[in-house]
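Colleague: Pasting a structure below so you can have a look.
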Amino acid sequence: MSDVNAQSIRHLERHGGADYEHMNDQLPKVSPYGLLGASLLFVMLLSLFAYSPAFARDYVIGEGDTLMISVWGEKDLSMSVKVRPDGKITLPALGEVAAADKTPTALQEELTSKSRGIVKNSIVTVIVAEITNNKVYVFGGGVSSGVYSLTQRTTLLQLLCQLGQQNGAERAAQQSTGQKTSLQTPGAQIPDLRNAYIIRNGKKIRQDFHDLFVNAKMSDDIVIEPNDALFIPTFRDRNVYVMGAVASPKSIVFRDGMTVVEAILEAGGFTKYAKQNATVIYRKSGEKDLTIPVKVKDLMNDGDLRQNTGLQPGDYVIVSESIF
């Protein structure tokens with residue numbers, strides 16, 4: 001053994017305990033309350049993940065799906081089957097079994113129970129090999145109508161983003177090639193999200209997508225299910241009309257988030273005879289005619305932002321004119 005190693009061993013024998021205690025003093029102290037807080041945070045994150053709408057339920061088998069049924073150790077009972085339009089499958093020795101509207105786990109448990117009279121201690125596995133029960137139908141004119149396939153669990157917000165992305169691609173194609181697309185239908189670029197809704201099993205289950213898509217109100221998000229239908233209408237009138245004491249009375253194509261001041265400025269601003277505090281918005285809301293007074297002078301002179309009212313397609317902005 002070298003002299004250096006021998007000296008190191010003697011040093012450890014004499015001072016090892018003290019050195020260890022010194023090192024231990026230098027280590028950061030972890031409070032038990034800190035550990036408790038970290039544990040609670042971890043549990044909260046798990047809870048949020050578990051109850052996220054995107055992970056709310058298992059896949060449900062539908063007509064046309066292809067299932068791989070495997071019975072452990074029994075090749076003759078293992079096969080690939082397709083769910084018929086009546087929702088049933090046919091298996092050797094078991095006959096017809098209803099498969100549609102069940103999760104793979106539920107069907108697996110049912111087949112295991114049924115096969116015990118044929119195979120002792122049977123173990124059955126159900127795998128969805130091909131999915132066809134994943135269609136969602138979009139119509140109404142506000143976006144491109146069509147049939148969309150769900151390749152994974154999809155929420156309403158995710159689907160709206162996909163629809164917006166597709167419409168953007170169509171718009172780019174239109175600009176680059178000059179060809180007509182579905183976006184050239186009247187009003188197709190302005191979907192009326194407030195009057196949009198989802199139809200599920202013949203019933204309207206969710207209406208008004210505006211707060212979700214525009215204001216990020218995530219509590220309005222839900223999981224889209226196969227065979228859901230999304231009705232997204234278009235605004236019947238996509239323009240805002242500015243009239244009265246403005247420099248250039250005109251119709252303006254509505255933009256989301258447009259306000260009364262923006263519309264007036266786009267119409268050239270007020271004339272010198274305009275009664276700025278006598279501006280009125282006329283709006284059609286269902287069967288009702290609404291009159292909304294706006295004091296634009298208070299907004300411009302006093303900074304009263306409450307007067308900068310948001311507009312909607314079809315609004316008429318009328319600026320009154322004074323005699324003097």
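By order of appearance in the structure tokens: chains A, B, ..., then residues from 1 within every chain, and ligands from 1 in the order shown.
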Fewer than 6 positions away in the same chain doesn't count, so skip those; otherwise give me all residues within 12 Å of stretch 112-125 of chain A, counting only C-alpha atoms, as a CSV table (one decimal) with C-alpha atoms, in the first residue's frame.

Modeller:
```csv
chain,number,residue,atom,x,y,z
A,67,LEU,CA,-62.0,-5.9,-33.1
A,68,MET,CA,-59.3,-8.4,-32.4
A,69,ILE,CA,-60.6,-11.0,-30.0
A,70,SER,CA,-58.0,-13.2,-28.4
A,71,VAL,CA,-58.7,-16.1,-26.1
A,72,TRP,CA,-55.5,-17.1,-24.3
A,73,GLY,CA,-54.3,-20.6,-25.4
A,74,GLU,CA,-57.3,-21.1,-27.8
A,75,LYS,CA,-56.4,-20.2,-31.4
A,76,ASP,CA,-59.7,-21.5,-32.7
A,77,LEU,CA,-61.6,-18.9,-30.6
A,78,SER,CA,-59.3,-16.0,-31.5
A,79,MET,CA,-60.1,-14.0,-34.5
A,80,SER,CA,-60.7,-10.5,-36.1
A,91,LEU,CA,-68.0,-15.6,-32.4
A,92,PRO,CA,-67.4,-19.4,-32.5
A,93,ALA,CA,-69.2,-21.2,-29.7
A,94,LEU,CA,-70.5,-17.9,-28.3
A,95,GLY,CA,-72.8,-16.9,-31.2
A,96,GLU,CA,-74.0,-13.3,-31.5
A,97,VAL,CA,-72.8,-10.8,-28.9
A,104,PRO,CA,-63.4,-2.6,-24.9
A,105,THR,CA,-62.9,-3.4,-21.2
A,106,ALA,CA,-66.6,-4.0,-20.7
```

Colleague: May I have the residues within 12 Å of stretch 289-292 of chain A as a short mmCIF file (atom, residue, chain, number, x, y, z; two decimals) with C-alpha atoms, in the first residue's frame, using only C-alpha atoms and disregarding those fewer than 4 positions away in the same chain?

Modeller:
```
data_model
loop_
_atom_site.label_atom_id
_atom_site.label_comp_id
_atom_site.auth_asym_id
_atom_site.auth_seq_id
_atom_site.Cartn_x
_atom_site.Cartn_y
_atom_site.Cartn_z
CA VAL A 260 -68.00 51.84 -32.31
CA ASN A 277 -72.69 62.28 -27.58
CA ALA A 278 -75.82 61.57 -29.61
CA THR A 279 -74.44 58.50 -31.35
CA VAL A 280 -76.81 55.52 -31.40
CA ILE A 281 -76.35 51.86 -32.30
CA TYR A 282 -79.40 50.08 -33.73
CA ARG A 283 -79.20 46.31 -33.38
CA LYS A 284 -81.44 43.38 -34.23
CA SER A 285 -81.43 40.74 -31.49
CA GLN A 307 -68.71 54.17 -24.12
CA ASN A 308 -66.55 52.25 -26.61
CA THR A 309 -69.27 49.69 -27.20
CA GLY A 310 -68.46 46.50 -29.09
CA LEU A 311 -70.29 46.02 -32.37
CA GLY A 314 -75.67 43.97 -38.87
CA ASP A 315 -75.32 46.92 -36.48
CA TYR A 316 -76.22 50.42 -37.65
CA VAL A 317 -74.16 53.25 -36.12
CA ILE A 318 -76.03 56.56 -36.51
#
```

Colleague: Please identify all polymer residues within 6 Å of A:Ser320, counting only C-alpha atoms, omitting same-chain residues fewer than 5 positions from it, and present them as a ChimeraX atom specification.

Modeller: /A:244-245,275,278

Colleague: Can you work out which one of A:Ile131, A:Leu157, A:Leu150, A:Val296 has the shortest atom-to-atom distance to A:Ala216, counting only C-alpha atoms?

Modeller: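 Checking each of A:Ile131, A:Leu157, A:Leu150, A:Val296 against A:Ala216, counting only C-alpha atoms, the winner is A:Leu157.
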
Colleague: Excluding A:Pro191 and its own-chain neighbours fewer than 4 positions away, which residues fall within 9 Å of it when counting only C-alpha atoms? Please give them as a list in words.

Modeller: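 Listed by chain and then number, they are Gly140, Gly141, Gly142, Val143, Gly187, Ala196, Ile232, Pro233, Thr234 and Phe235 of chain A.
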
Colleague: For A:Asn227, list every protein, DNA or RNA residue within 8 Å, evaluated using only C-alpha atoms, and leave out those in the same chain fewer than 3 positions away; present the list as number ranges by chain.

Modeller: A: 133-137, 200

Colleague: Taking only stretch 44-248 of chain A into account, list the residues labelled helix (DSSP H, G or I) by DSSP (computed from the backbone), as a ChimeraX atom specification.

Modeller: /A:44-50,53-55,75-77,104-115,156-177,182-184,193-195,210-215,218-220

Colleague: Got a sec: who's within 12 Å of A:Ser251, counting only C-alpha atoms, leaving out chain neighbours fewer than 2 positions off, as a tab-separated table (two decimals) with C-alpha atoms, in the first residue's frame?

Modeller:
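So the final result, stored in result.tsv, reads:
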```tsv
chain	number	residue	atom	x	y	z
A	237	ASP	CA	-75.48	40.27	-42.40
A	238	ARG	CA	-71.71	40.49	-42.14
A	239	ASN	CA	-71.46	44.28	-42.36
A	240	VAL	CA	-71.59	47.22	-39.97
A	241	TYR	CA	-73.20	50.39	-41.30
A	242	VAL	CA	-71.99	53.85	-40.25
A	243	MET	CA	-74.30	56.71	-41.21
A	248	SER	CA	-67.71	59.07	-45.39
A	249	PRO	CA	-70.89	57.10	-44.56
A	253	VAL	CA	-67.04	44.36	-43.18
A	254	PHE	CA	-67.31	43.27	-39.56
A	263	ALA	CA	-66.14	52.01	-37.13
A	264	ILE	CA	-66.52	55.79	-36.93
A	266	GLU	CA	-62.98	53.98	-40.56
A	267	ALA	CA	-65.85	56.07	-41.89
A	313	PRO	CA	-72.56	42.18	-37.60
A	314	GLY	CA	-75.67	43.97	-38.87
A	315	ASP	CA	-75.32	46.92	-36.48
A	316	TYR	CA	-76.22	50.42	-37.65
A	317	VAL	CA	-74.16	53.25	-36.12
A	318	ILE	CA	-76.03	56.56	-36.51
```
